[in-house]
$ cat query_7.csv   # CSV, C-alpha atoms
chain,number,residue,atom,x,y,z
A,10,MET,CA,-87.8,-88.8,-20.4
A,11,GLU,CA,-87.7,-88.7,-16.6
A,12,ARG,CA,-91.1,-88.4,-15.0
A,13,ILE,CA,-92.7,-88.5,-11.5
A,14,PRO,CA,-95.2,-91.4,-11.5
A,15,ILE,CA,-98.9,-90.7,-10.9
A,16,LEU,CA,-100.9,-93.6,-9.4
A,17,ARG,CA,-104.6,-94.0,-9.7
A,18,MET,CA,-106.6,-95.1,-6.6
A,19,GLY,CA,-110.3,-95.1,-7.4
A,20,GLU,CA,-111.3,-91.5,-8.0
A,21,PHE,CA,-108.1,-90.1,-6.6
A,22,LEU,CA,-104.6,-89.7,-8.1
A,23,LEU,CA,-101.6,-90.2,-5.9
A,24,VAL,CA,-98.2,-88.6,-6.4
A,25,THR,CA,-95.2,-89.4,-4.2
A,26,ILE,CA,-92.3,-87.2,-5.0
A,27,GLN,CA,-89.2,-89.1,-4.0
A,28,VAL,CA,-86.4,-87.4,-6.0
A,29,ASP,CA,-84.9,-84.0,-5.7
A,30,MET,CA,-86.7,-82.4,-8.7
A,31,HIS,CA,-85.0,-80.2,-11.2
A,32,ASP,CA,-87.4,-77.4,-12.5
A,33,GLN,CA,-88.3,-79.1,-15.8
A,34,LEU,CA,-89.3,-82.3,-14.0
A,35,ALA,CA,-91.6,-80.2,-11.7
A,36,LEU,CA,-93.2,-78.6,-14.8
A,37,THR,CA,-93.7,-82.0,-16.5
A,38,LEU,CA,-95.5,-83.2,-13.4
A,39,GLN,CA,-97.8,-80.2,-13.5
A,40,GLU,CA,-98.7,-80.9,-17.1
A,41,ASP,CA,-99.0,-84.7,-16.6
A,42,LEU,CA,-101.4,-84.2,-13.7
A,43,GLY,CA,-103.7,-82.0,-15.7
A,44,GLU,CA,-103.8,-84.6,-18.4
A,45,ARG,CA,-104.4,-87.4,-15.9
A,46,ILE,CA,-107.2,-85.5,-14.1
A,47,SER,CA,-108.9,-85.0,-17.5
A,48,ALA,CA,-108.4,-88.6,-18.7
A,49,THR,CA,-109.5,-90.3,-15.5
A,50,SER,CA,-112.1,-87.7,-14.2
A,51,ALA,CA,-110.3,-87.8,-10.9
A,52,ARG,CA,-112.0,-86.0,-8.0
A,53,GLY,CA,-108.9,-85.6,-5.9
A,54,VAL,CA,-105.1,-85.4,-6.0
A,55,LEU,CA,-102.9,-86.4,-3.1
A,56,ILE,CA,-99.3,-85.1,-3.2
A,57,ASP,CA,-96.9,-86.7,-0.8
A,58,ILE,CA,-93.7,-84.7,-0.2
A,59,SER,CA,-92.5,-86.6,2.9
A,60,ALA,CA,-89.3,-87.6,1.0
A,61,LEU,CA,-88.5,-83.9,0.1
A,62,ASP,CA,-85.9,-82.3,2.3
A,63,ILE,CA,-86.3,-78.9,0.7
A,64,VAL,CA,-89.1,-77.0,-1.0
A,65,ASP,CA,-87.9,-73.8,-2.6
A,66,SER,CA,-90.0,-71.1,-4.3
A,67,PHE,CA,-90.1,-72.9,-7.6
A,68,THR,CA,-91.4,-76.1,-6.1
A,69,GLY,CA,-93.8,-74.1,-3.9
A,70,ARG,CA,-95.2,-72.3,-6.9
A,71,MET,CA,-95.7,-75.6,-8.7
A,72,ILE,CA,-97.6,-77.0,-5.7
A,73,GLY,CA,-99.8,-73.9,-5.7
A,74,THR,CA,-100.4,-74.1,-9.5
A,75,ILE,CA,-101.3,-77.8,-9.3
A,76,SER,CA,-103.8,-77.0,-6.6
A,77,ALA,CA,-105.4,-74.2,-8.5
A,78,GLN,CA,-105.4,-76.1,-11.8
A,79,SER,CA,-107.0,-79.1,-10.2
A,80,ARG,CA,-109.7,-76.9,-8.6
A,81,ILE,CA,-110.8,-75.5,-11.9
A,82,MET,CA,-110.9,-79.1,-13.2
A,83,ASP,CA,-113.2,-80.1,-10.4
A,84,ALA,CA,-110.6,-81.9,-8.3
A,85,HIS,CA,-109.3,-81.2,-4.8
A,86,THR,CA,-105.6,-81.3,-3.9
A,87,VAL,CA,-104.2,-82.2,-0.6
A,88,LEU,CA,-100.5,-81.9,0.2
A,89,VAL,CA,-99.2,-84.3,2.8
A,90,GLY,CA,-96.0,-85.2,4.6
A,91,MET,CA,-94.2,-81.9,4.8
A,92,GLN,CA,-91.2,-82.1,7.1
A,93,PRO,CA,-91.2,-79.6,10.0
A,94,GLU,CA,-88.0,-77.9,8.9
A,95,VAL,CA,-89.4,-77.5,5.4
A,96,ALA,CA,-92.5,-75.8,6.8
A,97,ILE,CA,-90.4,-73.4,8.9
A,98,THR,CA,-88.2,-72.6,5.9
A,99,LEU,CA,-91.2,-72.0,3.5
A,100,VAL,CA,-92.8,-69.6,5.9
A,101,GLU,CA,-89.5,-67.6,6.3
A,102,LEU,CA,-89.0,-67.7,2.6
A,103,GLY,CA,-92.4,-66.0,2.3
A,104,LEU,CA,-94.4,-68.9,0.8
A,105,THR,CA,-97.4,-69.8,2.8
A,106,LEU,CA,-99.2,-71.8,0.1
A,107,PRO,CA,-102.6,-70.0,0.3
A,108,GLY,CA,-105.4,-72.1,-1.0
A,109,VAL,CA,-103.5,-75.4,-0.7
A,110,SER,CA,-105.0,-78.0,1.7
A,111,THR,CA,-102.5,-79.9,3.8
A,112,ALA,CA,-102.5,-83.0,6.0
A,113,LEU,CA,-99.8,-84.5,8.2
A,114,ASP,CA,-99.6,-87.9,6.5
A,115,VAL,CA,-101.1,-89.9,3.6
A,116,GLU,CA,-103.8,-91.5,5.8
A,117,ARG,CA,-105.2,-88.2,7.0
A,118,GLY,CA,-104.8,-86.7,3.6
A,119,MET,CA,-107.0,-89.5,2.1
A,120,LYS,CA,-109.6,-88.9,4.8
A,121,LEU,CA,-109.6,-85.2,4.0
A,122,LEU,CA,-109.9,-85.8,0.3
A,123,SER,CA,-112.8,-88.2,0.8
A,124,ALA,CA,-114.6,-85.7,3.0
A,125,ARG,CA,-114.0,-82.9,0.5
A,126,VAL,CA,-115.3,-84.9,-2.4
A,127,ALA,CA,-118.3,-86.2,-0.4
A,128,ASN,CA,-119.3,-82.6,0.5
A,129,ALA,CA,-118.9,-81.3,-3.0
B,7,MET,CA,-61.4,-66.8,11.3
B,8,SER,CA,-59.8,-69.7,9.5
B,9,VAL,CA,-60.8,-71.5,6.3
B,10,ARG,CA,-61.0,-75.3,7.0
B,11,ASN,CA,-61.9,-76.3,3.5
B,12,GLN,CA,-63.1,-74.7,0.2
B,13,GLY,CA,-64.1,-75.4,-3.4
B,14,ILE,CA,-66.1,-74.5,-6.4
B,15,VAL,CA,-69.3,-76.0,-7.8
B,16,PRO,CA,-70.2,-75.0,-11.4
B,17,ILE,CA,-73.7,-73.9,-12.0
B,18,ARG,CA,-74.2,-73.7,-15.8
B,19,VAL,CA,-77.5,-75.4,-16.5
B,20,GLU,CA,-80.8,-76.1,-14.7
B,21,GLN,CA,-79.7,-79.6,-13.6
B,22,ASP,CA,-76.7,-78.1,-11.8
B,23,VAL,CA,-79.1,-76.4,-9.4
B,24,VAL,CA,-80.0,-79.9,-8.1
B,25,LEU,CA,-76.3,-80.8,-7.8
B,26,ALA,CA,-75.5,-77.5,-6.0
B,27,ARG,CA,-78.3,-78.2,-3.5
B,28,GLN,CA,-76.9,-81.7,-2.9
B,29,ALA,CA,-73.4,-80.3,-2.5
B,30,VAL,CA,-74.6,-77.7,0.0
B,31,ARG,CA,-76.4,-80.4,2.0
B,32,LYS,CA,-73.2,-82.4,2.3
B,33,LEU,CA,-71.2,-79.4,3.3
B,34,ALA,CA,-73.7,-78.2,5.8
B,35,GLN,CA,-73.7,-81.6,7.5
B,36,GLU,CA,-69.9,-81.6,7.5
B,37,CYS,CA,-70.0,-78.1,9.0
B,38,GLY,CA,-72.3,-79.4,11.8
B,39,LEU,CA,-75.2,-77.1,11.1
B,40,ARG,CA,-78.5,-78.1,12.8
B,41,LEU,CA,-81.1,-79.7,10.5
B,42,VAL,CA,-83.3,-76.6,10.3
B,43,ASP,CA,-80.3,-74.4,9.5
B,44,GLN,CA,-79.2,-76.9,6.9
B,45,THR,CA,-82.6,-76.7,5.3
B,46,LYS,CA,-82.7,-72.9,5.3
B,47,LEU,CA,-79.2,-72.7,3.8
B,48,ILE,CA,-80.0,-75.3,1.1
B,49,THR,CA,-83.2,-73.5,0.2
B,50,ALA,CA,-81.4,-70.1,0.0
B,51,ALA,CA,-78.7,-71.8,-2.2
B,52,SER,CA,-81.4,-73.2,-4.5
B,53,GLU,CA,-82.9,-69.8,-5.1
B,54,LEU,CA,-79.5,-68.2,-5.7
B,55,ALA,CA,-78.3,-71.0,-8.0
B,56,ARG,CA,-81.4,-70.8,-10.0
B,57,ASN,CA,-81.0,-67.0,-10.4
B,58,ALA,CA,-77.4,-67.5,-11.6
B,59,VAL,CA,-78.6,-69.9,-14.3
B,60,ILE,CA,-81.8,-68.1,-15.4
B,61,TYR,CA,-80.7,-64.4,-15.1
B,62,GLY,CA,-76.9,-64.7,-15.1
B,63,GLY,CA,-76.6,-67.2,-17.9
B,64,GLY,CA,-74.7,-69.6,-15.5
B,65,GLY,CA,-72.0,-69.1,-13.0
B,66,ASP,CA,-70.2,-70.8,-10.1
B,67,MET,CA,-70.8,-71.4,-6.4
B,68,ASP,CA,-67.7,-70.9,-4.2
B,69,TRP,CA,-67.9,-72.6,-0.8
B,70,GLN,CA,-65.9,-72.2,2.3
B,71,ILE,CA,-66.2,-74.0,5.6
B,72,LEU,CA,-65.0,-71.6,8.3
B,73,ASP,CA,-63.9,-71.9,11.9
B,74,GLU,CA,-64.1,-69.0,14.3
B,75,GLU,CA,-64.0,-68.9,18.1
B,76,GLY,CA,-65.5,-72.3,18.7
B,77,ARG,CA,-68.1,-72.1,16.0
B,78,SER,CA,-68.2,-73.2,12.4
B,79,GLY,CA,-69.9,-71.7,9.4
B,80,LEU,CA,-70.6,-72.4,5.7
B,81,ARG,CA,-70.2,-69.5,3.3
B,82,LEU,CA,-71.5,-69.7,-0.2
B,83,THR,CA,-70.8,-67.2,-2.9
B,84,PHE,CA,-72.8,-67.3,-6.2
B,85,ARG,CA,-71.1,-65.5,-9.1
B,86,ASP,CA,-72.2,-64.9,-12.6
B,87,GLU,CA,-71.1,-62.7,-15.5
B,88,GLY,CA,-74.7,-61.9,-16.5
B,89,PRO,CA,-76.3,-58.5,-17.2
B,90,GLY,CA,-76.2,-57.6,-13.5
B,91,ILE,CA,-78.9,-55.8,-11.4
B,92,GLY,CA,-79.7,-52.2,-12.1
B,93,ASP,CA,-81.9,-51.4,-9.2
B,94,ILE,CA,-80.8,-53.6,-6.2
B,95,ARG,CA,-83.4,-52.1,-3.9
B,96,GLN,CA,-86.2,-53.1,-6.3
B,97,ALA,CA,-84.6,-56.6,-6.8
B,98,MET,CA,-84.7,-57.1,-3.0
B,99,THR,CA,-88.4,-56.3,-2.8
B,100,ASP,CA,-90.8,-59.2,-2.0
B,101,GLY,CA,-92.9,-60.0,-5.0
B,102,TRP,CA,-90.8,-58.1,-7.5
B,103,SER,CA,-89.5,-60.2,-10.4
B,104,SER,CA,-87.9,-59.3,-13.7
B,105,GLY,CA,-88.7,-62.8,-14.9
B,106,THR,CA,-91.6,-65.2,-14.4
B,107,GLY,CA,-90.9,-66.2,-10.8
B,108,LEU,CA,-92.6,-65.2,-7.6
B,109,GLY,CA,-90.1,-62.6,-6.8
B,110,LEU,CA,-89.1,-64.3,-3.6
B,111,GLY,CA,-85.7,-65.6,-4.6
B,112,LEU,CA,-83.4,-62.8,-3.4
B,113,SER,CA,-85.5,-61.4,-0.6
B,114,GLY,CA,-86.5,-64.8,0.6
B,115,ALA,CA,-82.9,-66.1,0.5
B,116,LYS,CA,-81.8,-63.2,2.6
B,117,ARG,CA,-84.3,-64.0,5.3
B,118,LEU,CA,-83.0,-67.6,5.5
B,119,VAL,CA,-79.4,-66.9,6.2
B,120,SER,CA,-77.5,-65.0,8.9
B,121,GLU,CA,-75.1,-63.2,6.5
B,122,PHE,CA,-76.1,-61.8,3.1
B,123,GLU,CA,-74.1,-59.7,0.7
B,124,LEU,CA,-75.2,-58.6,-2.7
B,125,ASP,CA,-72.8,-57.0,-5.2
B,126,SER,CA,-74.0,-56.2,-8.7
B,127,ALA,CA,-74.1,-53.5,-11.3
B,128,PRO,CA,-75.3,-53.4,-14.9
B,129,GLY,CA,-72.8,-55.2,-17.2
B,130,LYS,CA,-70.7,-56.4,-14.2
B,131,GLY,CA,-72.5,-59.6,-13.3
B,132,THR,CA,-73.8,-60.5,-9.9
B,133,ARG,CA,-72.2,-61.8,-6.8
B,134,VAL,CA,-74.2,-63.0,-3.8
B,135,SER,CA,-72.5,-64.2,-0.7
B,136,ILE,CA,-74.5,-66.0,2.1
B,137,ALA,CA,-73.5,-67.8,5.3
B,138,ARG,CA,-74.9,-69.6,8.3
B,139,TRP,CA,-73.1,-70.5,11.5
B,140,THR,CA,-73.4,-73.3,14.1

$ encode --input "query_7.csv" --output "structure tokens"
Amino acid sequence: MERIPILRMGEFLLVTIQVDMHDQLALTLQEDLGERISATSARGVLIDISALDIVDSFTGRMIGTISAQSRIMDAHTVLVGMQPEVAITLVELGLTLPGVSTALDVERGMKLLSARVANA
Amino acid sequence: MSVRNQGIVPIRVEQDVVLARQAVRKLAQECGLRLVDQTKLITAASELARNAVIYGGGGDMDWQILDEEGRSGLRLTFRDEGPGIGDIRQAMTDGWSSGTGLGLGLSGAKRLVSEFELDSAPGKGTRVSIARWT
């Protein structure tokens, strides 16, 4: 079955979405991440969407769910790499991703995650 | 207004939503839409294609590249033969969903395009037409 890879980097999990996901693939990622957080006791999840040229309400909802799910499993989520036109579109669509932490790129996202985990 | 080119993309199963998005990107580029307008139109198309699969039991997307007085536009029409929408005003309300979604599909899609037309009645299926111009 087709899957989005989840990489482990120390106490963080790294997900780079590089394909145009169909809905089932997004749901599989959500489930896989929950299992990996549990299996690895990860403290943070970094999701890189720099390769995505659109985020619709389904993907947006998945991102929000992953973030909420991680939080109750004691892990922080940071979303990085959103293209400016994707950001404009999401806001007009009515999805502002409340409760989801974001950073411009992977480097800043890692810093933010490290700071969050250090303060927790 | 003249039709430069037109075609039909079938939207029967969930994977077709991805194919419809890719088709719209290609057409939007061909039409000469700016990147941000392409993104908005593709996102709106994604919402409407998903609706056609989930609520309409599958349908088709008709596309037309249009030329009019020095500008070009891409018009997409999503058609399904599903149960149709009983209360269009309710269906167009942010946050209202008959399914498990966020209820942003129809109302959100409308905000992303410059032309939006919804035609539906119980038992008659649903037809949504959207367009963006250069």

$ closest_residue --input "query_7.csv" --among "A:Met91, A:Leu61, A:Ile46, A:Val54" --to "A:Asp29" --atoms "only C-alpha atoms"
A:Leu61

$ residues_around --input "query_7.csv" --residues "stretch 69-79 of chain A" --least-positions-apart "6" --cutoff "8 Å" --atoms "all atoms listed in the file" --output "list of chain:residue names"
A:Ala35, A:Leu36, A:Gln39, A:Leu42, A:Gly43, A:Ile46, A:Val54, A:His85, A:Thr86, A:Val87, A:Leu104, A:Leu106, A:Pro107, A:Gly108, A:Val109, B:Leu108

$ write_last_selection --input "query_7.csv" --atoms "C-alpha atoms" --output "PDB file, in the frame of the given file"
ATOM      1  CA  ALA A  35     -91.600 -80.200 -11.700  1.00  0.00           C
ATOM      2  CA  LEU A  36     -93.200 -78.600 -14.800  1.00  0.00           C
ATOM      3  CA  GLN A  39     -97.800 -80.200 -13.500  1.00  0.00           C
ATOM      4  CA  LEU A  42    -101.400 -84.200 -13.700  1.00  0.00           C
ATOM      5  CA  GLY A  43    -103.700 -82.000 -15.700  1.00  0.00           C
ATOM      6  CA  ILE A  46    -107.200 -85.500 -14.100  1.00  0.00           C
ATOM      7  CA  VAL A  54    -105.100 -85.400  -6.000  1.00  0.00           C
ATOM      8  CA  HIS A  85    -109.300 -81.200  -4.800  1.00  0.00           C
ATOM      9  CA  THR A  86    -105.600 -81.300  -3.900  1.00  0.00           C
ATOM     10  CA  VAL A  87    -104.200 -82.200  -0.600  1.00  0.00           C
ATOM     11  CA  LEU A 104     -94.400 -68.900   0.800  1.00  0.00           C
ATOM     12  CA  LEU A 106     -99.200 -71.800   0.100  1.00  0.00           C
ATOM     13  CA  PRO A 107    -102.600 -70.000   0.300  1.00  0.00           C
ATOM     14  CA  GLY A 108    -105.400 -72.100  -1.000  1.00  0.00           C
ATOM     15  CA  VAL A 109    -103.500 -75.400  -0.700  1.00  0.00           C
TER      16      VAL A 109
ATOM     17  CA  LEU B 108     -92.600 -65.200  -7.600  1.00  0.00           C
TER      18      LEU B 108
END

$ closest_residue --input "query_7.csv" --among "A:Val89, A:Ile26, A:Asp41, A:Leu16" --to "A:Ala60" --atoms "all atoms listed in the file"
A:Ile26

$ closest_residue --input "query_7.csv" --among "A:Leu102, A:Leu23, A:Ser47, A:Glu40" --to "A:Gly118" --atoms "all atoms listed in the file"
A:Leu23

$ closest_atom_pairs --input "query_7.csv" --of "chain B" --to "chain A" --cutoff "12 Å" --atoms "all atoms listed in the file" --output "Markdown table"
| residue | atom | partner | partner_atom | distance |
| --- | --- | --- | --- | --- |
| B:Val19 | CA | A:His31 | CA | 10.4 |
| B:Glu20 | CA | A:His31 | CA | 6.8 |
| B:Gln21 | CA | A:His31 | CA | 5.8 |
| B:Asp22 | CA | A:His31 | CA | 8.6 |
| B:Val23 | CA | A:His31 | CA | 7.2 |
| B:Val24 | CA | A:His31 | CA | 5.9 |
| B:Leu25 | CA | A:His31 | CA | 9.4 |
| B:Ala26 | CA | A:His31 | CA | 11.2 |
| B:Arg27 | CA | A:Asp29 | CA | 9.1 |
| B:Gln28 | CA | A:Asp29 | CA | 8.8 |
| B:Val30 | CA | A:Ile63 | CA | 11.8 |
| B:Arg31 | CA | A:Asp62 | CA | 9.7 |
| B:Arg40 | CA | A:Glu94 | CA | 10.3 |
| B:Leu41 | CA | A:Glu94 | CA | 7.3 |
| B:Val42 | CA | A:Glu94 | CA | 5.1 |
| B:Asp43 | CA | A:Glu94 | CA | 8.5 |
| B:Gln44 | CA | A:Glu94 | CA | 9.1 |
| B:Thr45 | CA | A:Ile63 | CA | 6.3 |
| B:Lys46 | CA | A:Thr98 | CA | 5.5 |
| B:Leu47 | CA | A:Thr98 | CA | 9.2 |
| B:Ile48 | CA | A:Ile63 | CA | 7.3 |
| B:Thr49 | CA | A:Asp65 | CA | 5.5 |
| B:Ala50 | CA | A:Asp65 | CA | 7.9 |
| B:Ala51 | CA | A:Asp65 | CA | 9.4 |
| B:Ser52 | CA | A:Asp65 | CA | 6.8 |
| B:Glu53 | CA | A:Asp65 | CA | 6.9 |
| B:Leu54 | CA | A:Asp65 | CA | 10.6 |
| B:Ala55 | CA | A:Asp65 | CA | 11.4 |
| B:Arg56 | CA | A:Asp32 | CA | 9.3 |
| B:Asn57 | CA | A:Phe67 | CA | 11.2 |
| B:Val59 | CA | A:Asp32 | CA | 11.7 |
| B:Ile60 | CA | A:Asp32 | CA | 11.2 |
| B:Thr99 | CA | A:Gly103 | CA | 11.7 |
| B:Asp100 | CA | A:Gly103 | CA | 8.2 |
| B:Gly101 | CA | A:Gly103 | CA | 9.5 |
| B:Thr106 | CA | A:Phe67 | CA | 10.4 |
| B:Gly107 | CA | A:Phe67 | CA | 7.5 |
| B:Leu108 | CA | A:Ser66 | CA | 7.2 |
| B:Gly109 | CA | A:Ser66 | CA | 8.9 |
| B:Leu110 | CA | A:Ser66 | CA | 6.9 |
| B:Gly111 | CA | A:Ser66 | CA | 7.0 |
| B:Leu112 | CA | A:Leu102 | CA | 9.6 |
| B:Ser113 | CA | A:Leu102 | CA | 7.9 |
| B:Gly114 | CA | A:Leu102 | CA | 4.3 |
| B:Ala115 | CA | A:Leu102 | CA | 6.6 |
| B:Lys116 | CA | A:Leu102 | CA | 8.5 |
| B:Arg117 | CA | A:Glu101 | CA | 6.4 |
| B:Leu118 | CA | A:Glu101 | CA | 6.5 |
| B:Val119 | CA | A:Glu101 | CA | 10.1 |

$ atom_distance --input "query_7.csv" --atom1 "atom CA of B:Leu72" --atom2 "atom CA of B:Val15"
17.2 Å

$ residues_around --input "query_7.csv" --residues "stretch 121-128 of chain B" --least-positions-apart "4" --cutoff "8 Å" --atoms "only C-alpha atoms" --output "list in words"
Pro89, Gly90, Ile91, Gly92, Ile94, Lys116, Thr132, Arg133, Val134, Ser135, Ile136, Ala137 and Arg138 of chain B

$ atom_distance --input "query_7.csv" --atom1 "atom CA of B:Glu36" --atom2 "atom CA of B:Asp73"
12.2 Å

$ closest_residue --input "query_7.csv" --among "B:Gln96, B:Thr140, B:Asn11, B:Ser103" --to "B:Leu39" --atoms "only C-alpha atoms"
B:Thr140

$ closest_residue --input "query_7.csv" --among "B:Lys32, B:Ser120, B:Met98, B:Pro16" --to "B:Asp68" --atoms "all atoms listed in the file"
B:Pro16

$ closest_residue --input "query_7.csv" --among "A:Gln92, A:Met82, A:Val28, A:Thr105" --to "A:Arg52" --atoms "only C-alpha atoms"
A:Met82

$ atom_distance --input "query_7.csv" --atom1 "atom CA of A:Arg12" --atom2 "atom CA of A:Thr37"
7.1 Å

$ residues_around --input "query_7.csv" --residues "A:Ala112" --least-positions-apart "5" --cutoff "10 Å" --atoms "only C-alpha atoms" --output "list in words"
Leu55, Ile56, Asp57, Val87, Leu88, Val89, Gly90, Met91, Arg117, Gly118, Met119, Lys120, Leu121 and Leu122 of chain A

$ decode --input "query_7.csv" --residues "stretch 17-32 of chain A" --atoms "N, CA and C atoms" --output "PDB file, in the first residue's frame"
ATOM      1  N   ARG A  17      12.629   9.260  11.493  1.00  0.00           N
ATOM      2  CA  ARG A  17      12.909   9.598  12.880  1.00  0.00           C
ATOM      3  C   ARG A  17      14.232  10.340  12.960  1.00  0.00           C
ATOM      4  N   MET A  18      14.226  11.485  13.692  1.00  0.00           N
ATOM      5  CA  MET A  18      15.465  12.247  13.915  1.00  0.00           C
ATOM      6  C   MET A  18      15.532  12.506  15.406  1.00  0.00           C
ATOM      7  N   GLY A  19      16.241  11.660  16.134  1.00  0.00           N
ATOM      8  CA  GLY A  19      16.304  11.808  17.584  1.00  0.00           C
ATOM      9  C   GLY A  19      14.914  11.683  18.175  1.00  0.00           C
ATOM     10  N   GLU A  20      14.496  12.729  18.923  1.00  0.00           N
ATOM     11  CA  GLU A  20      13.167  12.626  19.545  1.00  0.00           C
ATOM     12  C   GLU A  20      12.051  13.218  18.681  1.00  0.00           C
ATOM     13  N   PHE A  21      12.406  13.530  17.419  1.00  0.00           N
ATOM     14  CA  PHE A  21      11.403  14.096  16.514  1.00  0.00           C
ATOM     15  C   PHE A  21      11.090  13.164  15.348  1.00  0.00           C
ATOM     16  N   LEU A  22       9.906  13.336  14.803  1.00  0.00           N
ATOM     17  CA  LEU A  22       9.530  12.622  13.577  1.00  0.00           C
ATOM     18  C   LEU A  22       9.419  13.653  12.456  1.00  0.00           C
ATOM     19  N   LEU A  23       9.906  13.287  11.289  1.00  0.00           N
ATOM     20  CA  LEU A  23       9.915  14.205  10.155  1.00  0.00           C
ATOM     21  C   LEU A  23       9.105  13.613   9.000  1.00  0.00           C
ATOM     22  N   VAL A  24       8.139  14.406   8.532  1.00  0.00           N
ATOM     23  CA  VAL A  24       7.296  13.955   7.419  1.00  0.00           C
ATOM     24  C   VAL A  24       7.402  14.970   6.292  1.00  0.00           C
ATOM     25  N   THR A  25       7.834  14.533   5.139  1.00  0.00           N
ATOM     26  CA  THR A  25       7.884  15.435   3.989  1.00  0.00           C
ATOM     27  C   THR A  25       6.874  14.928   2.966  1.00  0.00           C
ATOM     28  N   ILE A  26       5.842  15.716   2.743  1.00  0.00           N
ATOM     29  CA  ILE A  26       4.799  15.285   1.805  1.00  0.00           C
ATOM     30  C   ILE A  26       5.198  15.764   0.412  1.00  0.00           C
ATOM     31  N   GLN A  27       5.506  14.810  -0.455  1.00  0.00           N
ATOM     32  CA  GLN A  27       6.000  15.198  -1.783  1.00  0.00           C
ATOM     33  C   GLN A  27       5.097  14.770  -2.916  1.00  0.00           C
ATOM     34  N   VAL A  28       3.959  14.182  -2.574  1.00  0.00           N
ATOM     35  CA  VAL A  28       3.035  13.784  -3.632  1.00  0.00           C
ATOM     36  C   VAL A  28       1.691  14.456  -3.396  1.00  0.00           C
ATOM     37  N   ASP A  29       0.938  14.595  -4.463  1.00  0.00           N
ATOM     38  CA  ASP A  29      -0.427  15.096  -4.376  1.00  0.00           C
ATOM     39  C   ASP A  29      -1.248  13.965  -3.748  1.00  0.00           C
ATOM     40  N   MET A  30      -1.617  14.144  -2.486  1.00  0.00           N
ATOM     41  CA  MET A  30      -2.255  13.047  -1.744  1.00  0.00           C
ATOM     42  C   MET A  30      -3.732  12.884  -2.076  1.00  0.00           C
ATOM     43  N   HIS A  31      -4.149  11.654  -2.303  1.00  0.00           N
ATOM     44  CA  HIS A  31      -5.586  11.415  -2.321  1.00  0.00           C
ATOM     45  C   HIS A  31      -6.026  11.237  -0.866  1.00  0.00           C
ATOM     46  N   ASP A  32      -7.329  11.319  -0.626  1.00  0.00           N
ATOM     47  CA  ASP A  32      -7.818  11.421   0.753  1.00  0.00           C
ATOM     48  C   ASP A  32      -7.413  10.231   1.622  1.00  0.00           C
TER      49      ASP A  32
END
